[in-house]
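Colleague: Structure: upload14.tsv, TSV, C-alpha atoms.
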chain	number	residue	atom	x	y	z
A	1	ALA	CA	2.83	-3.06	-0.50
A	2	GLN	CA	-0.46	-3.03	1.32
A	3	SER	CA	-1.04	-0.18	3.78
A	4	VAL	CA	-3.73	1.65	5.70
A	5	ALA	CA	-3.79	5.22	6.93
A	6	GLN	CA	-5.86	6.80	9.65
A	7	PRO	CA	-5.34	10.51	9.09
A	8	GLU	CA	-6.80	11.69	12.40
A	9	ASP	CA	-5.13	10.98	15.73
A	10	GLN	CA	-8.24	12.09	17.59
A	11	VAL	CA	-11.87	12.78	16.76
A	12	ASN	CA	-14.17	14.65	19.12
A	13	VAL	CA	-17.93	14.48	18.74
A	14	ALA	CA	-20.88	15.47	20.90
A	15	GLU	CA	-23.12	12.72	22.25
A	16	GLY	CA	-26.06	12.12	19.93
A	17	ASN	CA	-24.25	13.47	16.88
A	18	PRO	CA	-23.12	11.26	14.00
A	19	LEU	CA	-19.50	10.17	14.05
A	20	THR	CA	-17.01	9.29	11.34
A	21	VAL	CA	-13.56	7.79	11.80
A	22	LYS	CA	-11.56	7.82	8.59
A	23	CYS	CA	-9.46	5.11	6.98
A	24	THR	CA	-7.83	4.96	3.58
A	25	TYR	CA	-6.06	1.97	2.13
A	26	SER	CA	-3.60	0.97	-0.55
A	27	VAL	CA	-3.69	-2.61	-1.81
A	28	SER	CA	-2.97	-4.57	-4.92
A	29	GLY	CA	-5.91	-6.78	-5.72
A	30	ASN	CA	-9.10	-7.11	-3.73
A	31	PRO	CA	-9.01	-5.36	-0.36
A	32	TYR	CA	-9.99	-7.19	2.82
A	33	LEU	CA	-10.65	-4.49	5.41
A	34	PHE	CA	-11.42	-4.59	9.12
A	35	TRP	CA	-12.31	-2.25	11.98
A	36	TYR	CA	-11.48	-2.94	15.62
A	37	VAL	CA	-12.09	-1.05	18.86
A	38	GLN	CA	-9.83	-1.01	21.91
A	39	TYR	CA	-10.79	0.11	25.40
A	40	PRO	CA	-8.03	1.07	27.88
A	41	ASN	CA	-5.74	-1.80	28.85
A	42	ARG	CA	-7.77	-4.29	26.84
A	43	GLY	CA	-7.30	-6.30	23.68
A	44	LEU	CA	-8.85	-5.32	20.37
A	45	GLN	CA	-12.46	-6.20	19.67
A	46	PHE	CA	-13.68	-6.83	16.15
A	47	LEU	CA	-16.38	-4.44	14.88
A	48	LEU	CA	-16.89	-5.24	11.20
A	49	LYS	CA	-15.22	-6.27	7.97
A	50	TYR	CA	-15.48	-5.78	4.23
A	51	ILE	CA	-14.71	-8.80	2.11
A	52	THR	CA	-16.95	-8.41	-0.90
A	53	GLY	CA	-20.50	-7.41	-1.76
A	54	ASP	CA	-22.44	-4.43	-0.43
A	55	ASN	CA	-20.41	-1.29	0.06
A	56	LEU	CA	-22.20	-0.50	3.33
A	57	VAL	CA	-21.18	-2.97	6.00
A	58	LYS	CA	-23.03	-3.18	9.30
A	59	GLY	CA	-21.28	-4.30	12.44
A	60	SER	CA	-21.44	-4.47	16.20
A	61	TYR	CA	-22.76	-1.79	18.59
A	62	GLY	CA	-24.55	0.11	15.81
A	63	PHE	CA	-21.40	0.82	13.82
A	64	GLU	CA	-21.24	0.65	10.05
A	65	ALA	CA	-18.58	1.33	7.45
A	66	GLU	CA	-18.73	2.46	3.89
A	67	PHE	CA	-16.37	0.92	1.37
A	68	ASN	CA	-15.52	3.31	-1.46
A	69	LYS	CA	-13.32	1.77	-4.11
A	70	SER	CA	-12.77	4.93	-6.14
A	71	GLN	CA	-11.60	6.86	-3.09
A	72	THR	CA	-9.87	3.81	-1.54
A	73	SER	CA	-11.58	4.54	1.74
A	74	PHE	CA	-13.32	2.52	4.43
A	75	HIS	CA	-14.68	5.06	6.91
A	76	LEU	CA	-16.32	3.93	10.12
A	77	LYS	CA	-19.62	5.60	10.98
A	78	LYS	CA	-22.34	5.67	13.57
A	79	PRO	CA	-25.55	7.71	13.30
A	80	SER	CA	-25.68	8.73	16.97
A	81	ALA	CA	-22.61	8.64	19.20
A	82	LEU	CA	-22.65	7.48	22.81
A	83	VAL	CA	-20.22	8.47	25.55
A	84	SER	CA	-19.44	4.75	25.88
A	85	ASP	CA	-18.14	4.76	22.28
A	86	SER	CA	-15.09	6.69	23.50
A	87	ALA	CA	-12.16	4.40	22.72
A	88	LEU	CA	-9.27	3.79	20.33
A	89	TYR	CA	-10.26	2.58	16.86
A	90	PHE	CA	-8.05	0.69	14.44
A	91	CYS	CA	-8.47	0.04	10.74
A	92	ALA	CA	-6.67	-2.99	9.28
A	93	VAL	CA	-6.10	-4.68	5.94
A	94	ARG	CA	-5.14	-8.27	5.22
A	95	ASP	CA	-1.79	-8.40	3.49
A	96	ILE	CA	-2.05	-10.52	0.35
A	97	LYS	CA	1.47	-9.91	-0.85
A	98	LEU	CA	2.41	-13.56	-0.59
A	99	GLU	CA	0.24	-16.55	-1.37
A	100	GLY	CA	-0.83	-18.10	1.89
A	101	THR	CA	0.56	-15.34	4.06
A	102	TYR	CA	-1.94	-14.36	6.70
A	103	LYS	CA	-0.57	-11.04	7.86
A	104	TYR	CA	-2.64	-8.05	8.81
A	105	ILE	CA	-1.52	-4.43	8.62
A	106	PHE	CA	-2.93	-1.95	11.11
A	107	GLY	CA	-3.33	1.79	10.99
A	108	THR	CA	-1.94	3.91	13.81
A	109	GLY	CA	-5.32	4.26	15.48
A	110	THR	CA	-7.79	7.08	16.04
A	111	ARG	CA	-8.89	8.08	19.51
A	112	LEU	CA	-12.60	8.86	19.59
A	113	LYS	CA	-13.84	11.09	22.35
A	114	VAL	CA	-17.59	11.49	22.73
A	115	LEU	CA	-18.50	14.50	24.84
A	116	ALA	CA	-21.60	14.48	27.04
B	1	ASP	CA	-16.21	-20.98	26.32
B	2	GLY	CA	-13.85	-20.36	23.42
B	3	GLY	CA	-11.27	-17.63	23.48
B	4	ILE	CA	-7.69	-16.49	23.64
B	5	THR	CA	-5.94	-15.90	26.94
B	6	GLN	CA	-2.75	-14.13	27.88
B	7	SER	CA	-0.89	-14.24	31.13
B	8	PRO	CA	0.16	-12.51	33.19
B	9	LYS	CA	-1.81	-9.29	32.81
B	10	TYR	CA	1.02	-7.24	34.31
B	11	LEU	CA	4.69	-8.19	34.32
B	12	PHE	CA	7.69	-6.45	35.80
B	13	ARG	CA	11.20	-7.28	34.78
B	14	LYS	CA	14.63	-6.14	35.77
B	15	GLU	CA	17.02	-5.07	33.06
B	16	GLY	CA	19.04	-7.97	31.73
B	17	GLN	CA	16.41	-10.61	32.45
B	18	ASN	CA	14.55	-12.71	29.92
B	19	VAL	CA	10.81	-13.03	30.42
B	20	THR	CA	8.17	-15.21	28.72
B	21	LEU	CA	4.63	-14.10	27.94
B	22	SER	CA	1.99	-16.78	27.60
B	23	CYS	CA	-0.67	-16.97	24.86
B	24	GLU	CA	-3.19	-19.81	24.64
B	25	GLN	CA	-6.23	-20.26	22.39
B	26	ASN	CA	-8.91	-22.93	22.30
B	27	LEU	CA	-10.48	-21.73	19.04
B	28	ASN	CA	-8.66	-24.31	16.93
B	29	HIS	CA	-7.07	-21.50	14.92
B	30	ASP	CA	-4.06	-22.25	12.78
B	31	ALA	CA	-2.49	-18.80	12.71
B	32	MET	CA	-1.24	-16.92	15.76
B	33	TYR	CA	0.43	-13.53	16.12
B	34	TRP	CA	2.30	-11.34	18.57
B	35	TYR	CA	2.03	-7.56	18.40
B	36	ARG	CA	3.63	-4.80	20.37
B	37	GLN	CA	1.66	-1.64	21.09
B	38	ASP	CA	3.26	1.65	22.04
B	39	PRO	CA	1.40	4.94	22.43
B	40	GLY	CA	0.80	6.64	19.08
B	41	GLN	CA	2.36	3.83	17.07
B	42	GLY	CA	-0.48	1.41	16.59
B	43	LEU	CA	0.25	-2.30	16.47
B	44	ARG	CA	3.57	-3.61	15.25
B	45	LEU	CA	4.00	-7.26	14.32
B	46	ILE	CA	6.72	-9.14	16.20
B	47	TYR	CA	6.27	-12.76	15.08
B	48	TYR	CA	3.56	-14.86	13.53
B	49	SER	CA	2.96	-18.55	12.99
B	50	GLN	CA	0.66	-20.18	10.48
B	51	ILE	CA	1.25	-23.77	11.49
B	52	VAL	CA	2.74	-25.80	14.32
B	53	ASN	CA	6.56	-25.87	14.39
B	54	ASP	CA	6.83	-22.96	11.97
B	55	PHE	CA	6.94	-19.20	12.52
B	56	GLN	CA	8.08	-16.06	10.71
B	57	LYS	CA	9.62	-12.80	11.80
B	58	GLY	CA	7.45	-9.75	11.68
B	59	ASP	CA	8.55	-6.14	11.43
B	60	ILE	CA	10.24	-5.85	14.84
B	61	ALA	CA	11.51	-9.35	15.73
B	62	GLU	CA	14.91	-8.31	17.08
B	63	GLY	CA	15.24	-9.11	20.78
B	64	TYR	CA	12.27	-11.49	20.78
B	65	SER	CA	11.87	-15.23	20.30
B	66	VAL	CA	8.87	-17.55	19.96
B	67	SER	CA	7.99	-21.22	19.73
B	68	ARG	CA	4.97	-23.06	18.36
B	69	GLU	CA	5.13	-26.60	19.68
B	70	LYS	CA	1.36	-26.92	20.04
B	71	LYS	CA	-1.45	-25.51	17.95
B	72	GLU	CA	-3.05	-23.80	20.91
B	73	SER	CA	0.07	-22.17	22.37
B	74	PHE	CA	2.41	-19.44	21.10
B	75	PRO	CA	4.65	-18.09	23.89
B	76	LEU	CA	6.78	-15.00	23.38
B	77	THR	CA	10.14	-14.53	25.11
B	78	VAL	CA	11.42	-11.01	25.52
B	79	THR	CA	15.18	-11.31	25.78
B	80	SER	CA	17.74	-9.01	27.34
B	81	ALA	CA	18.72	-8.03	23.79
B	82	GLN	CA	15.48	-6.08	23.41
B	83	LYS	CA	16.56	-2.51	24.06
B	84	ASN	CA	13.25	-1.01	25.08
B	85	PRO	CA	10.81	-3.76	26.04
B	86	THR	CA	8.37	-1.72	28.11
B	87	ALA	CA	5.12	-1.94	26.14
B	88	PHE	CA	1.71	-3.56	25.87
B	89	TYR	CA	1.87	-6.95	24.16
B	90	LEU	CA	-1.08	-8.43	22.32
B	91	CYS	CA	-1.56	-11.96	21.06
B	92	ALA	CA	-4.05	-12.77	18.32
B	93	SER	CA	-5.25	-15.75	16.34
B	94	THR	CA	-7.26	-16.41	13.22
B	95	PRO	CA	-8.32	-19.43	11.20
B	96	LYS	CA	-6.61	-19.89	7.85
B	97	LYS	CA	-9.53	-19.34	5.53
B	98	HIS	CA	-10.36	-17.62	2.34
B	99	PRO	CA	-11.96	-15.15	2.29
B	100	PRO	CA	-10.08	-14.11	5.42
B	101	ASN	CA	-11.50	-13.92	8.91
B	102	GLU	CA	-10.94	-11.23	11.47
B	103	GLN	CA	-8.32	-11.73	14.15
B	104	PHE	CA	-9.29	-12.63	17.70
B	105	PHE	CA	-7.25	-10.81	20.34
B	106	GLY	CA	-6.25	-11.70	23.86
B	107	PRO	CA	-6.56	-9.18	26.72
B	108	GLY	CA	-2.88	-8.22	26.55
B	109	THR	CA	0.14	-8.23	28.86
B	110	ARG	CA	1.68	-4.98	30.04
B	111	LEU	CA	5.42	-5.42	30.49
B	112	THR	CA	7.39	-2.89	32.48
B	113	VAL	CA	11.16	-2.97	32.78
B	114	LEU	CA	12.41	-1.56	36.08
What is this file in structure tokens?
Modeller:
Amino acid sequence: AQSVAQPEDQVNVAEGNPLTVKCTYSVSGNPYLFWYVQYPNRGLQFLLKYITGDNLVKGSYGFEAEFNKSQTSFHLKKPSALVSDSALYFCAVRDIKLEGTYKYIFGTGTRLKVLA
Amino acid sequence: DGGITQSPKYLFRKEGQNVTLSCEQNLNHDAMYWYRQDPGQGLRLIYYSQIVNDFQKGDIAEGYSVSREKKESFPLTVTSAQKNPTAFYLCASTPKKHPPNEQFFGPGTRLTVL
């Protein structure tokens, strides 16, 4: 079965420092991976996705993610963190267990706190 | 202006009452989803629908019901059989494409049982 894991409940980083939010996945077949951000009492906003092609995916708000097939990881990164990046981040994978089934599986989320 | 809307934003319910959460999208998406979010547990899938007049149970469907009579609408009813309904509910949609698209999320409804 497809799954994603976010091993860190919370990540703290100083403003201006690089940030990494980790995600590992387990899929059969080609992985379709996504990152979302959620601000308090709001819906999720899409950041970026990996479907195929370049292993480094660039997304919204200066975020990028590196797809690593050998390590089955899809870590979210940003070169210089902003206080406004503080939010809850979710990694997700599209479940391809059944032909034509459009289900998505989410990790448990990582709270990012950027300290001024 | 395309998007996905949920109403109401906040909802209070007495124990034993059924309540219906609204989800509407004007993105012409085929697939729609309902998730429940509790602190520290991420998103859990309640129901999803890939086409009008058809829907499937997700991982935590007990105590919930849905309908999909129109492509743009996917209301969720939280019944009195749901033991602990206080949570944040999120609706999402996506087009049925390959390779797959990201999901588009509504702003959420926070349900509190008094």
Colleague: Using all atoms listed in the file, determine which residues of chain A fall within 12 Å of chain B; present them as a ChimeraX atom specification.
Modeller: /A:4-6,8-10,30-52,88-96,99-111
Colleague: Write out, as a CSV table (one decimal), in the frame of the given file, the residues just selected, with C-alpha atoms.
Modeller:
chain,number,residue,atom,x,y,z
A,4,VAL,CA,-3.7,1.6,5.7
A,5,ALA,CA,-3.8,5.2,6.9
A,6,GLN,CA,-5.9,6.8,9.6
A,8,GLU,CA,-6.8,11.7,12.4
A,9,ASP,CA,-5.1,11.0,15.7
A,10,GLN,CA,-8.2,12.1,17.6
A,30,ASN,CA,-9.1,-7.1,-3.7
A,31,PRO,CA,-9.0,-5.4,-0.4
A,32,TYR,CA,-10.0,-7.2,2.8
A,33,LEU,CA,-10.6,-4.5,5.4
A,34,PHE,CA,-11.4,-4.6,9.1
A,35,TRP,CA,-12.3,-2.2,12.0
A,36,TYR,CA,-11.5,-2.9,15.6
A,37,VAL,CA,-12.1,-1.0,18.9
A,38,GLN,CA,-9.8,-1.0,21.9
A,39,TYR,CA,-10.8,0.1,25.4
A,40,PRO,CA,-8.0,1.1,27.9
A,41,ASN,CA,-5.7,-1.8,28.8
A,42,ARG,CA,-7.8,-4.3,26.8
A,43,GLY,CA,-7.3,-6.3,23.7
A,44,LEU,CA,-8.8,-5.3,20.4
A,45,GLN,CA,-12.5,-6.2,19.7
A,46,PHE,CA,-13.7,-6.8,16.2
A,47,LEU,CA,-16.4,-4.4,14.9
A,48,LEU,CA,-16.9,-5.2,11.2
A,49,LYS,CA,-15.2,-6.3,8.0
A,50,TYR,CA,-15.5,-5.8,4.2
A,51,ILE,CA,-14.7,-8.8,2.1
A,52,THR,CA,-17.0,-8.4,-0.9
A,88,LEU,CA,-9.3,3.8,20.3
A,89,TYR,CA,-10.3,2.6,16.9
A,90,PHE,CA,-8.0,0.7,14.4
A,91,CYS,CA,-8.5,0.0,10.7
A,92,ALA,CA,-6.7,-3.0,9.3
A,93,VAL,CA,-6.1,-4.7,5.9
A,94,ARG,CA,-5.1,-8.3,5.2
A,95,ASP,CA,-1.8,-8.4,3.5
A,96,ILE,CA,-2.0,-10.5,0.4
A,99,GLU,CA,0.2,-16.6,-1.4
A,100,GLY,CA,-0.8,-18.1,1.9
A,101,THR,CA,0.6,-15.3,4.1
A,102,TYR,CA,-1.9,-14.4,6.7
A,103,LYS,CA,-0.6,-11.0,7.9
A,104,TYR,CA,-2.6,-8.0,8.8
A,105,ILE,CA,-1.5,-4.4,8.6
A,106,PHE,CA,-2.9,-2.0,11.1
A,107,GLY,CA,-3.3,1.8,11.0
A,108,THR,CA,-1.9,3.9,13.8
A,109,GLY,CA,-5.3,4.3,15.5
A,110,THR,CA,-7.8,7.1,16.0
A,111,ARG,CA,-8.9,8.1,19.5
Colleague: Would you kindly return, as JSON, numbers by chain, each protein, DNA or RNA residue with an atom no farther than 12 Å from any atom of stretch 16-18 of chain B, considering all atoms listed in the file and excluding same-chain residues fewer than 3 positions away?
Modeller: {"B": [11, 12, 13, 21, 63, 64, 65, 76, 77, 78, 79, 80, 81, 82, 83, 84, 85, 111, 112, 113, 114]}
Colleague: Could you check the closest approach to B:Tyr35 for each of B:Val19, B:Thr86, B:Ile51, B:Ile60 and tell me which residue wins, using all atoms listed in the file?
Modeller: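 Smallest separation from B:Tyr35 among the options: B:Ile60.
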Colleague: The residues within 6 Å of (-1.8, -14.4, 29.1), using only C-alpha atoms and the coordinates of the file, should be reported as a VMD selection string; which are they?
Modeller: chain B and resid 5 to 8 22 to 23
Colleague: Find the smallest box with edges along x, y and z containing every listed atom of stretch 92-102 of chain B, then add 8 Å on each side and report centre and edge lengths in Å to one decimal, as JSON.
Modeller:
{"center_x": -8.0, "center_y": -15.6, "center_z": 10.3, "size_x": 23.9, "size_y": 24.7, "size_z": 32.0}
Colleague: Need to verify the contact set: stretch 12-19 of chain A, 7 Å, all atoms listed in the file, exclusion of same-chain residues closer than 6 positions in sequence. Can you return it as a list in words?
Modeller: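 The contact residues come out as Lys77, Lys78, Pro79, Ser80, Ala81, Leu82, Val83, Leu112, Lys113, Val114, Leu115 and Ala116 of chain A.
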